[in-house]
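This is entry08.cif. It holds mmCIF, N, CA and C atoms.
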data_coords
#
loop_
_atom_site.label_atom_id
_atom_site.label_comp_id
_atom_site.auth_asym_id
_atom_site.auth_seq_id
_atom_site.Cartn_x
_atom_site.Cartn_y
_atom_site.Cartn_z
N MET A 1 75.93 135.21 19.12
CA MET A 1 76.67 135.27 17.87
C MET A 1 76.60 136.67 17.28
N SER A 2 77.74 137.14 16.86
CA SER A 2 77.81 138.47 16.27
C SER A 2 77.43 138.41 14.79
N THR A 3 76.46 139.22 14.41
CA THR A 3 76.02 139.22 13.01
C THR A 3 76.90 140.09 12.12
N SER A 4 77.90 140.78 12.70
CA SER A 4 78.81 141.58 11.87
C SER A 4 79.87 140.70 11.21
N ILE A 5 79.93 139.46 11.60
CA ILE A 5 80.87 138.50 11.02
C ILE A 5 80.34 138.05 9.66
N LYS A 6 81.23 138.09 8.66
CA LYS A 6 80.88 137.59 7.32
C LYS A 6 81.51 136.21 7.16
N ILE A 7 80.73 135.28 6.66
CA ILE A 7 81.19 133.90 6.55
C ILE A 7 81.10 133.42 5.11
N ALA A 8 82.19 132.83 4.64
CA ALA A 8 82.22 132.13 3.35
C ALA A 8 82.10 130.65 3.68
N ILE A 9 81.20 129.96 3.00
CA ILE A 9 80.97 128.55 3.29
C ILE A 9 80.99 127.74 2.01
N GLY A 10 81.49 126.52 2.10
CA GLY A 10 81.54 125.64 0.95
C GLY A 10 81.71 124.20 1.37
N SER A 11 81.39 123.30 0.45
CA SER A 11 81.53 121.88 0.72
C SER A 11 81.64 121.10 -0.57
N ASP A 12 82.04 119.85 -0.43
CA ASP A 12 81.92 118.92 -1.54
C ASP A 12 80.63 118.13 -1.32
N HIS A 13 80.43 117.09 -2.11
CA HIS A 13 79.21 116.29 -2.02
C HIS A 13 79.07 115.60 -0.66
N ALA A 14 80.18 115.15 -0.06
CA ALA A 14 80.13 114.47 1.24
C ALA A 14 79.73 115.42 2.36
N GLY A 15 80.00 116.69 2.18
CA GLY A 15 79.65 117.67 3.20
C GLY A 15 78.40 118.48 2.89
N PHE A 16 77.76 118.19 1.76
CA PHE A 16 76.64 118.99 1.29
C PHE A 16 75.52 119.13 2.33
N GLU A 17 75.07 118.03 2.90
CA GLU A 17 73.96 118.10 3.86
C GLU A 17 74.34 118.93 5.08
N TYR A 18 75.56 118.77 5.58
CA TYR A 18 75.99 119.55 6.73
C TYR A 18 76.12 121.03 6.37
N LYS A 19 76.63 121.30 5.17
CA LYS A 19 76.73 122.71 4.74
C LYS A 19 75.35 123.35 4.72
N GLU A 20 74.38 122.65 4.17
CA GLU A 20 73.02 123.18 4.11
C GLU A 20 72.47 123.40 5.52
N MET A 21 72.70 122.46 6.41
CA MET A 21 72.25 122.58 7.79
C MET A 21 72.92 123.77 8.46
N LEU A 22 74.24 123.93 8.28
CA LEU A 22 74.95 125.05 8.89
C LEU A 22 74.54 126.38 8.27
N ARG A 23 74.27 126.38 6.99
CA ARG A 23 73.80 127.61 6.34
C ARG A 23 72.50 128.08 6.99
N ASP A 24 71.59 127.16 7.25
CA ASP A 24 70.35 127.51 7.95
C ASP A 24 70.62 127.94 9.39
N PHE A 25 71.49 127.21 10.07
CA PHE A 25 71.84 127.51 11.45
C PHE A 25 72.46 128.89 11.59
N LEU A 26 73.20 129.33 10.59
CA LEU A 26 73.91 130.61 10.62
C LEU A 26 73.18 131.71 9.86
N SER A 27 71.89 131.59 9.74
CA SER A 27 71.10 132.53 8.92
C SER A 27 71.17 133.98 9.42
N ALA A 28 71.55 134.20 10.66
CA ALA A 28 71.67 135.56 11.19
C ALA A 28 72.93 136.27 10.67
N TYR A 29 73.85 135.50 10.11
CA TYR A 29 75.10 136.06 9.60
C TYR A 29 74.97 136.41 8.12
N GLU A 30 75.88 137.27 7.66
CA GLU A 30 76.02 137.51 6.23
C GLU A 30 76.85 136.36 5.68
N LEU A 31 76.22 135.53 4.88
CA LEU A 31 76.83 134.28 4.41
C LEU A 31 76.96 134.28 2.90
N THR A 32 78.11 133.85 2.41
CA THR A 32 78.29 133.63 0.98
C THR A 32 78.52 132.13 0.79
N ASP A 33 77.63 131.50 0.04
CA ASP A 33 77.69 130.06 -0.20
C ASP A 33 78.38 129.81 -1.54
N PHE A 34 79.57 129.18 -1.49
CA PHE A 34 80.33 128.90 -2.69
C PHE A 34 80.05 127.50 -3.24
N GLY A 35 79.04 126.84 -2.71
CA GLY A 35 78.64 125.53 -3.23
C GLY A 35 79.36 124.41 -2.51
N THR A 36 79.10 123.28 -2.91
CA THR A 36 78.30 122.75 -3.98
C THR A 36 76.81 122.94 -3.64
N TYR A 37 75.99 122.85 -4.65
CA TYR A 37 74.57 123.12 -4.47
C TYR A 37 73.71 121.86 -4.63
N THR A 38 74.35 120.72 -4.83
CA THR A 38 73.65 119.43 -4.93
C THR A 38 74.52 118.36 -4.28
N PRO A 39 73.96 117.20 -3.98
CA PRO A 39 74.77 116.11 -3.42
C PRO A 39 75.51 115.29 -4.48
N ASP A 40 75.51 115.73 -5.73
CA ASP A 40 76.21 115.03 -6.79
C ASP A 40 77.73 115.14 -6.59
N SER A 41 78.45 114.10 -6.97
CA SER A 41 79.90 114.04 -6.79
C SER A 41 80.61 115.22 -7.47
N VAL A 42 81.49 115.86 -6.71
CA VAL A 42 82.26 117.02 -7.19
C VAL A 42 83.68 116.93 -6.64
N ASP A 43 84.54 117.85 -7.09
CA ASP A 43 85.92 117.93 -6.62
C ASP A 43 86.04 119.03 -5.56
N TYR A 44 86.44 118.67 -4.36
CA TYR A 44 86.47 119.63 -3.24
C TYR A 44 87.33 120.86 -3.49
N PRO A 45 88.44 120.81 -4.25
CA PRO A 45 89.20 122.05 -4.46
C PRO A 45 88.40 123.14 -5.16
N ASP A 46 87.41 122.74 -5.97
CA ASP A 46 86.59 123.73 -6.68
C ASP A 46 85.78 124.59 -5.73
N PHE A 47 85.62 124.17 -4.49
CA PHE A 47 84.85 124.91 -3.50
C PHE A 47 85.75 125.44 -2.37
N ALA A 48 86.82 124.73 -2.08
CA ALA A 48 87.73 125.18 -1.02
C ALA A 48 88.53 126.42 -1.45
N HIS A 49 88.98 126.45 -2.70
CA HIS A 49 89.74 127.62 -3.15
C HIS A 49 88.92 128.92 -3.09
N PRO A 50 87.68 128.96 -3.59
CA PRO A 50 86.92 130.22 -3.49
C PRO A 50 86.65 130.66 -2.05
N VAL A 51 86.42 129.71 -1.15
CA VAL A 51 86.22 130.08 0.26
C VAL A 51 87.51 130.67 0.81
N ALA A 52 88.64 130.02 0.54
CA ALA A 52 89.93 130.53 1.02
C ALA A 52 90.24 131.90 0.43
N GLU A 53 89.95 132.09 -0.84
CA GLU A 53 90.18 133.39 -1.47
C GLU A 53 89.33 134.48 -0.85
N ALA A 54 88.10 134.17 -0.49
CA ALA A 54 87.22 135.16 0.15
C ALA A 54 87.76 135.57 1.51
N VAL A 55 88.27 134.62 2.28
CA VAL A 55 88.84 134.94 3.59
C VAL A 55 90.17 135.67 3.43
N GLU A 56 90.99 135.20 2.51
CA GLU A 56 92.30 135.81 2.29
C GLU A 56 92.20 137.27 1.84
N SER A 57 91.17 137.57 1.06
CA SER A 57 90.98 138.94 0.56
C SER A 57 90.14 139.81 1.49
N ASN A 58 89.76 139.28 2.64
CA ASN A 58 88.95 139.97 3.64
C ASN A 58 87.52 140.24 3.18
N GLU A 59 87.06 139.55 2.15
CA GLU A 59 85.65 139.60 1.79
C GLU A 59 84.82 138.87 2.83
N ALA A 60 85.44 137.93 3.53
CA ALA A 60 84.79 137.19 4.61
C ALA A 60 85.71 137.22 5.83
N THR A 61 85.10 137.23 7.00
CA THR A 61 85.84 137.19 8.25
C THR A 61 86.38 135.79 8.50
N PHE A 62 85.51 134.81 8.28
CA PHE A 62 85.83 133.40 8.49
C PHE A 62 85.31 132.58 7.32
N GLY A 63 85.88 131.39 7.19
CA GLY A 63 85.38 130.42 6.24
C GLY A 63 84.99 129.15 6.97
N ILE A 64 84.04 128.44 6.38
CA ILE A 64 83.67 127.12 6.87
C ILE A 64 83.67 126.20 5.66
N LEU A 65 84.42 125.11 5.78
CA LEU A 65 84.48 124.11 4.72
C LEU A 65 84.09 122.75 5.30
N VAL A 66 83.30 122.01 4.54
CA VAL A 66 82.83 120.71 5.01
C VAL A 66 83.07 119.67 3.93
N CYS A 67 83.71 118.58 4.32
CA CYS A 67 83.80 117.41 3.44
C CYS A 67 83.78 116.18 4.33
N GLY A 68 83.94 115.01 3.75
CA GLY A 68 83.82 113.78 4.53
C GLY A 68 84.77 113.73 5.71
N SER A 69 86.07 113.88 5.46
CA SER A 69 87.07 113.83 6.53
C SER A 69 87.57 115.20 6.94
N ALA A 70 87.34 116.20 6.14
CA ALA A 70 87.84 117.58 6.29
C ALA A 70 89.30 117.71 5.87
N ASN A 71 89.97 116.62 5.60
CA ASN A 71 91.38 116.70 5.20
C ASN A 71 91.57 117.38 3.86
N GLY A 72 90.81 116.98 2.85
CA GLY A 72 90.99 117.54 1.51
C GLY A 72 90.78 119.03 1.47
N VAL A 73 89.70 119.51 2.12
CA VAL A 73 89.43 120.95 2.09
C VAL A 73 90.45 121.72 2.91
N ALA A 74 90.92 121.14 4.01
CA ALA A 74 91.93 121.82 4.83
C ALA A 74 93.25 121.93 4.09
N ILE A 75 93.68 120.85 3.45
CA ILE A 75 94.93 120.88 2.70
C ILE A 75 94.84 121.92 1.58
N THR A 76 93.71 121.93 0.88
CA THR A 76 93.53 122.87 -0.22
C THR A 76 93.54 124.31 0.29
N ALA A 77 92.75 124.60 1.31
CA ALA A 77 92.66 125.96 1.83
C ALA A 77 94.01 126.46 2.34
N ASN A 78 94.75 125.57 2.98
CA ASN A 78 96.04 125.96 3.56
C ASN A 78 97.12 126.23 2.52
N LYS A 79 96.85 126.01 1.26
CA LYS A 79 97.78 126.39 0.20
C LYS A 79 97.80 127.91 0.03
N HIS A 80 96.78 128.58 0.52
CA HIS A 80 96.69 130.04 0.42
C HIS A 80 97.49 130.67 1.55
N GLN A 81 98.29 131.66 1.22
CA GLN A 81 99.23 132.25 2.16
C GLN A 81 98.57 132.79 3.44
N GLY A 82 97.44 133.44 3.33
CA GLY A 82 96.83 134.06 4.51
C GLY A 82 95.84 133.19 5.25
N ILE A 83 95.84 131.91 4.96
CA ILE A 83 94.83 131.02 5.53
C ILE A 83 95.44 130.11 6.59
N ARG A 84 94.67 129.93 7.65
CA ARG A 84 94.98 128.98 8.71
C ARG A 84 93.71 128.15 8.92
N ALA A 85 93.60 127.09 8.13
CA ALA A 85 92.42 126.21 8.17
C ALA A 85 92.66 125.09 9.17
N ALA A 86 91.71 124.87 10.05
CA ALA A 86 91.84 123.87 11.11
C ALA A 86 90.72 122.84 11.02
N ILE A 87 91.11 121.58 11.07
CA ILE A 87 90.13 120.50 11.13
C ILE A 87 89.70 120.37 12.58
N CYS A 88 88.40 120.50 12.82
CA CYS A 88 87.89 120.45 14.19
C CYS A 88 86.81 119.40 14.32
N TRP A 89 87.03 118.45 15.22
CA TRP A 89 86.07 117.38 15.46
C TRP A 89 85.63 117.33 16.93
N GLN A 90 86.15 118.24 17.73
CA GLN A 90 85.74 118.40 19.12
C GLN A 90 85.69 119.90 19.43
N THR A 91 84.89 120.27 20.40
CA THR A 91 84.77 121.69 20.75
C THR A 91 86.09 122.25 21.25
N GLU A 92 86.84 121.46 22.02
CA GLU A 92 88.10 121.94 22.56
C GLU A 92 89.10 122.25 21.44
N ILE A 93 89.08 121.46 20.40
CA ILE A 93 89.99 121.70 19.28
C ILE A 93 89.61 122.99 18.57
N ALA A 94 88.32 123.24 18.39
CA ALA A 94 87.87 124.48 17.77
C ALA A 94 88.29 125.69 18.60
N GLU A 95 88.15 125.58 19.91
CA GLU A 95 88.53 126.67 20.80
C GLU A 95 90.03 126.95 20.72
N LEU A 96 90.83 125.90 20.76
CA LEU A 96 92.28 126.08 20.69
C LEU A 96 92.74 126.55 19.32
N ALA A 97 92.07 126.11 18.28
CA ALA A 97 92.42 126.57 16.92
C ALA A 97 92.26 128.08 16.81
N ARG A 98 91.26 128.62 17.47
CA ARG A 98 91.06 130.08 17.46
C ARG A 98 92.00 130.75 18.45
N LYS A 99 92.03 130.30 19.70
CA LYS A 99 92.83 130.95 20.74
C LYS A 99 94.32 130.94 20.43
N HIS A 100 94.84 129.81 20.00
CA HIS A 100 96.28 129.65 19.86
C HIS A 100 96.80 129.77 18.43
N ASN A 101 95.96 129.44 17.44
CA ASN A 101 96.42 129.43 16.05
C ASN A 101 95.78 130.50 15.19
N ASN A 102 94.86 131.26 15.76
CA ASN A 102 94.13 132.28 15.01
C ASN A 102 93.57 131.71 13.71
N ALA A 103 93.04 130.49 13.78
CA ALA A 103 92.46 129.83 12.61
C ALA A 103 91.37 130.71 12.03
N ASN A 104 91.32 130.79 10.70
CA ASN A 104 90.30 131.62 10.06
C ASN A 104 89.38 130.81 9.15
N ILE A 105 89.66 129.52 9.01
CA ILE A 105 88.73 128.63 8.31
C ILE A 105 88.53 127.38 9.16
N LEU A 106 87.28 127.09 9.43
CA LEU A 106 86.88 125.90 10.17
C LEU A 106 86.59 124.80 9.16
N CYS A 107 87.23 123.64 9.33
CA CYS A 107 87.01 122.48 8.46
C CYS A 107 86.34 121.39 9.27
N ILE A 108 85.17 120.98 8.82
CA ILE A 108 84.33 120.04 9.55
C ILE A 108 84.29 118.69 8.83
N PRO A 109 84.58 117.59 9.56
CA PRO A 109 84.52 116.25 8.99
C PRO A 109 83.12 115.65 9.12
N ALA A 110 82.30 115.84 8.13
CA ALA A 110 80.88 115.47 8.21
C ALA A 110 80.64 113.99 8.49
N ARG A 111 81.51 113.15 8.03
CA ARG A 111 81.32 111.70 8.22
C ARG A 111 81.67 111.22 9.63
N PHE A 112 82.21 112.12 10.46
CA PHE A 112 82.72 111.68 11.75
C PHE A 112 82.12 112.38 12.97
N ILE A 113 81.27 113.38 12.75
CA ILE A 113 80.65 114.05 13.90
C ILE A 113 79.16 114.24 13.62
N SER A 114 78.40 114.44 14.68
CA SER A 114 76.95 114.65 14.54
C SER A 114 76.67 116.09 14.10
N GLU A 115 75.48 116.30 13.60
CA GLU A 115 75.07 117.66 13.23
C GLU A 115 75.08 118.57 14.44
N GLU A 116 74.63 118.05 15.58
CA GLU A 116 74.60 118.87 16.80
C GLU A 116 76.01 119.29 17.20
N LEU A 117 76.96 118.36 17.14
CA LEU A 117 78.35 118.71 17.47
C LEU A 117 78.91 119.70 16.46
N ALA A 118 78.56 119.55 15.19
CA ALA A 118 79.01 120.51 14.18
C ALA A 118 78.52 121.92 14.51
N LYS A 119 77.30 122.04 14.99
CA LYS A 119 76.75 123.34 15.39
C LYS A 119 77.52 123.90 16.59
N GLU A 120 77.79 123.05 17.58
CA GLU A 120 78.52 123.49 18.77
C GLU A 120 79.93 123.96 18.40
N ILE A 121 80.60 123.18 17.57
CA ILE A 121 81.96 123.53 17.14
C ILE A 121 81.95 124.85 16.39
N THR A 122 80.99 125.02 15.50
CA THR A 122 80.89 126.25 14.70
C THR A 122 80.64 127.45 15.60
N THR A 123 79.74 127.32 16.54
CA THR A 123 79.43 128.42 17.47
C THR A 123 80.67 128.81 18.26
N LEU A 124 81.37 127.83 18.78
CA LEU A 124 82.58 128.11 19.57
C LEU A 124 83.66 128.74 18.70
N PHE A 125 83.86 128.22 17.51
CA PHE A 125 84.87 128.75 16.60
C PHE A 125 84.60 130.23 16.31
N LEU A 126 83.37 130.55 15.99
CA LEU A 126 83.02 131.93 15.61
C LEU A 126 83.06 132.91 16.77
N ASN A 127 82.97 132.40 18.00
CA ASN A 127 82.88 133.27 19.16
C ASN A 127 84.10 133.24 20.07
N THR A 128 85.17 132.60 19.64
CA THR A 128 86.40 132.55 20.44
C THR A 128 87.41 133.53 19.85
N GLU A 129 87.99 134.34 20.71
CA GLU A 129 88.97 135.33 20.30
C GLU A 129 90.38 134.73 20.31
N PHE A 130 91.22 135.23 19.42
CA PHE A 130 92.63 134.87 19.39
C PHE A 130 93.31 135.51 20.59
N GLU A 131 94.14 134.75 21.31
CA GLU A 131 94.81 135.26 22.51
C GLU A 131 95.99 136.16 22.21
N GLY A 132 96.62 136.01 21.05
CA GLY A 132 97.79 136.83 20.74
C GLY A 132 98.96 136.46 21.63
N GLY A 133 99.77 137.46 21.99
CA GLY A 133 100.94 137.21 22.84
C GLY A 133 101.89 136.23 22.21
N ARG A 134 102.33 135.24 23.00
CA ARG A 134 103.27 134.24 22.49
C ARG A 134 102.68 133.48 21.31
N HIS A 135 101.34 133.36 21.28
CA HIS A 135 100.70 132.67 20.16
C HIS A 135 100.78 133.52 18.89
N GLY A 136 100.75 134.83 19.05
CA GLY A 136 100.90 135.73 17.90
C GLY A 136 102.27 135.59 17.27
N THR A 137 103.28 135.44 18.10
CA THR A 137 104.63 135.23 17.59
C THR A 137 104.70 133.94 16.79
N ARG A 138 104.08 132.90 17.31
CA ARG A 138 104.10 131.59 16.63
C ARG A 138 103.31 131.63 15.32
N VAL A 139 102.16 132.28 15.34
CA VAL A 139 101.36 132.39 14.14
C VAL A 139 102.13 133.17 13.06
N GLY A 140 102.86 134.20 13.50
CA GLY A 140 103.66 134.99 12.57
C GLY A 140 104.74 134.18 11.88
N LYS A 141 105.17 133.09 12.48
CA LYS A 141 106.21 132.24 11.91
C LYS A 141 105.65 131.19 10.95
N MET A 142 104.34 131.12 10.80
CA MET A 142 103.73 130.08 9.96
C MET A 142 103.91 130.35 8.47
N SER A 143 103.87 131.59 8.07
CA SER A 143 103.93 131.93 6.64
C SER A 143 105.28 131.57 6.04
N CYS A 144 105.25 131.16 4.79
CA CYS A 144 106.49 130.81 4.08
C CYS A 144 107.00 132.02 3.32
#
Show me, as structure tokens, the structure contained in the file I just sent.
Amino acid sequence: MSTSIKIAIGSDHAGFEYKEMLRDFLSAYELTDFGTYTPDSVDYPDFAHPVAEAVESNEATFGILVCGSANGVAITANKHQGIRAAICWQTEIAELARKHNNANILCIPARFISEELAKEITTLFLNTEFEGGRHGTRVGKMSC
């Protein structure tokens, strides 16, 4: 894992434990934790928007968002023009999200995968390069 990568991370209450676990797992990286900081019920947009803003403004290389299904945080993050947030529940999906879609925010569904799989997905996401080429053309057509 490259430690020159800056990561913005956030979660809602359903993803809190996984966020904390991933924060420890990624301790070699420069990490900015946008919360939540407790398992108390919160609104996921309050944490997804700051992570997306950090990635969009290049304050962070990548973002990681965790909630129960990952849908809410992905929908919220993808409202930002420069964001390509991908819900990943298998390693192959994480790899393709980076290779083909140049995804810059990883969204993890904490209620549906194990902590070990979340670590594997995160590692693969952070270490897979975008292929460019025909995929670059397609990614360029995503913006509105």
Practice problem: Name the residues that the PyMOL selection byres (((chain A and resi 20-25 and name CA) around 9) and name CA) picks from the file above, as a PyMOL selection string, using the file's chain letters and numbers. | Solution: chain A and resi 9+15-19+26-28+31+33+37+115+118-119+122
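Secondary structure by DSSP on the backbone puts the following residues of range 5-75 of chain A in alpha helix (DSSP H): Phe16, Glu17, Tyr18, Lys19, Glu20, Met21, Leu22, Arg23, Asp24, Phe25, Pro45, Asp46, Phe47, Ala48, His49, Pro50, Val51, Ala52, Glu53, Ala54, Val55, Glu56, Asn71, Gly72, Val73, Ala74 and Ile75 of chain A.
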Given the PyMOL selection byres (((chain A and resi 99 and name CA) around 9) and name CA), the residues it picks as a list of chain:residue names: A:Ala94, A:Glu95, A:Leu96, A:Ala97, A:Arg98, A:His100, A:Asn101, A:Asn102, A:Ala103, A:Thr128, A:Glu129, A:Phe130, A:Glu131, A:Gly132, A:His135
Practice task
Identify, on the basis of only N, CA and C atoms, every residue whose closest approach to range 61-73 of chain A does not exceed 7 Å; exclude the query and any residue fewer than 4 positions from it along the same chain; express the result as a ChimeraX atom specification.
Solution key: /A:5-16,18-19,44-45,48,51-52,54-55,77-78,87,104-112
As a PyMOL selection string, which residues of chain A does DSSP assign to strand (DSSP E or B)? chain A and resi 6-11+30-33+62-67+85-87+105-109
As a check of understanding: the span from CA of Glu30 in chain A to atom C of Thr123 in chain A is 15.6 Å
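Across A:Thr137, A:His80, A:Leu117, A:Asn127, the tightest approach to Glu53 in chain A is made by A:His80 when counting only C-alpha atoms.
Considering the residues A:Glu120, A:Phe125, A:Asn58, A:Tyr29 and counting only C-alpha atoms, Ala85 in chain A has its shortest atom-to-atom contact with A:Phe125.
Here atom N of Asp43 in chain A stands at a distance of 17.4 Å from CA of Lys79 in chain A.
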Complete the atoms of range 115-138 of chain A to N, CA, C and O atoms and put them out as an mmCIF file, in the frame of the given file.
data_model
loop_
_atom_site.group_PDB
_atom_site.id
_atom_site.type_symbol
_atom_site.label_atom_id
_atom_site.label_comp_id
_atom_site.auth_asym_id
_atom_site.auth_seq_id
_atom_site.Cartn_x
_atom_site.Cartn_y
_atom_site.Cartn_z
ATOM 1 N N GLU A 115 75.480 116.300 13.600
ATOM 2 C CA GLU A 115 75.070 117.660 13.230
ATOM 3 C C GLU A 115 75.080 118.570 14.440
ATOM 4 O O GLU A 115 75.490 119.726 14.355
ATOM 5 N N GLU A 116 74.630 118.050 15.580
ATOM 6 C CA GLU A 116 74.600 118.870 16.800
ATOM 7 C C GLU A 116 76.010 119.290 17.200
ATOM 8 O O GLU A 116 76.243 120.446 17.563
ATOM 9 N N LEU A 117 76.960 118.360 17.140
ATOM 10 C CA LEU A 117 78.350 118.710 17.470
ATOM 11 C C LEU A 117 78.910 119.700 16.460
ATOM 12 O O LEU A 117 79.642 120.620 16.833
ATOM 13 N N ALA A 118 78.560 119.550 15.190
ATOM 14 C CA ALA A 118 79.010 120.510 14.180
ATOM 15 C C ALA A 118 78.520 121.920 14.510
ATOM 16 O O ALA A 118 79.258 122.896 14.369
ATOM 17 N N LYS A 119 77.300 122.040 14.990
ATOM 18 C CA LYS A 119 76.750 123.340 15.390
ATOM 19 C C LYS A 119 77.520 123.900 16.590
ATOM 20 O O LYS A 119 77.848 125.084 16.635
ATOM 21 N N GLU A 120 77.790 123.050 17.580
ATOM 22 C CA GLU A 120 78.520 123.490 18.770
ATOM 23 C C GLU A 120 79.930 123.960 18.400
ATOM 24 O O GLU A 120 80.396 124.998 18.881
ATOM 25 N N ILE A 121 80.600 123.180 17.570
ATOM 26 C CA ILE A 121 81.960 123.530 17.140
ATOM 27 C C ILE A 121 81.950 124.850 16.390
ATOM 28 O O ILE A 121 82.787 125.725 16.628
ATOM 29 N N THR A 122 80.990 125.020 15.500
ATOM 30 C CA THR A 122 80.890 126.250 14.700
ATOM 31 C C THR A 122 80.640 127.450 15.600
ATOM 32 O O THR A 122 81.296 128.496 15.455
ATOM 33 N N THR A 123 79.740 127.320 16.540
ATOM 34 C CA THR A 123 79.430 128.420 17.470
ATOM 35 C C THR A 123 80.670 128.810 18.260
ATOM 36 O O THR A 123 81.004 130.001 18.375
ATOM 37 N N LEU A 124 81.370 127.830 18.780
ATOM 38 C CA LEU A 124 82.580 128.110 19.570
ATOM 39 C C LEU A 124 83.660 128.740 18.700
ATOM 40 O O LEU A 124 84.297 129.720 19.111
ATOM 41 N N PHE A 125 83.860 128.220 17.510
ATOM 42 C CA PHE A 125 84.870 128.750 16.600
ATOM 43 C C PHE A 125 84.600 130.230 16.310
ATOM 44 O O PHE A 125 85.509 131.057 16.359
ATOM 45 N N LEU A 126 83.370 130.550 15.990
ATOM 46 C CA LEU A 126 83.020 131.930 15.610
ATOM 47 C C LEU A 126 83.060 132.910 16.770
ATOM 48 O O LEU A 126 83.167 134.112 16.566
ATOM 49 N N ASN A 127 82.970 132.400 18.000
ATOM 50 C CA ASN A 127 82.880 133.270 19.160
ATOM 51 C C ASN A 127 84.100 133.240 20.070
ATOM 52 O O ASN A 127 84.074 133.813 21.155
ATOM 53 N N THR A 128 85.170 132.600 19.640
ATOM 54 C CA THR A 128 86.400 132.550 20.440
ATOM 55 C C THR A 128 87.410 133.530 19.850
ATOM 56 O O THR A 128 87.660 133.525 18.646
ATOM 57 N N GLU A 129 87.990 134.340 20.710
ATOM 58 C CA GLU A 129 88.970 135.330 20.300
ATOM 59 C C GLU A 129 90.380 134.730 20.310
ATOM 60 O O GLU A 129 90.697 133.875 21.130
ATOM 61 N N PHE A 130 91.220 135.230 19.420
ATOM 62 C CA PHE A 130 92.630 134.870 19.390
ATOM 63 C C PHE A 130 93.310 135.510 20.590
ATOM 64 O O PHE A 130 93.107 136.690 20.882
ATOM 65 N N GLU A 131 94.140 134.750 21.310
ATOM 66 C CA GLU A 131 94.810 135.260 22.510
ATOM 67 C C GLU A 131 95.990 136.160 22.210
ATOM 68 O O GLU A 131 96.365 136.986 23.042
ATOM 69 N N GLY A 132 96.620 136.010 21.050
ATOM 70 C CA GLY A 132 97.790 136.830 20.740
ATOM 71 C C GLY A 132 98.960 136.460 21.630
ATOM 72 O O GLY A 132 99.140 135.309 21.999
ATOM 73 N N GLY A 133 99.770 137.460 21.990
ATOM 74 C CA GLY A 133 100.940 137.210 22.840
ATOM 75 C C GLY A 133 101.890 136.230 22.210
ATOM 76 O O GLY A 133 102.212 136.326 21.023
ATOM 77 N N ARG A 134 102.330 135.240 23.000
ATOM 78 C CA ARG A 134 103.270 134.240 22.490
ATOM 79 C C ARG A 134 102.680 133.480 21.310
ATOM 80 O O ARG A 134 103.407 133.040 20.420
ATOM 81 N N HIS A 135 101.340 133.360 21.280
ATOM 82 C CA HIS A 135 100.700 132.670 20.160
ATOM 83 C C HIS A 135 100.780 133.520 18.890
ATOM 84 O O HIS A 135 100.901 132.989 17.791
ATOM 85 N N GLY A 136 100.750 134.830 19.050
ATOM 86 C CA GLY A 136 100.900 135.730 17.900
ATOM 87 C C GLY A 136 102.270 135.590 17.270
ATOM 88 O O GLY A 136 102.402 135.589 16.039
ATOM 89 N N THR A 137 103.280 135.440 18.100
ATOM 90 C CA THR A 137 104.630 135.230 17.590
ATOM 91 C C THR A 137 104.700 133.940 16.790
ATOM 92 O O THR A 137 105.259 133.897 15.697
ATOM 93 N N ARG A 138 104.080 132.900 17.310
ATOM 94 C CA ARG A 138 104.100 131.590 16.630
ATOM 95 C C ARG A 138 103.310 131.630 15.320
ATOM 96 O O ARG A 138 103.761 131.098 14.319
#
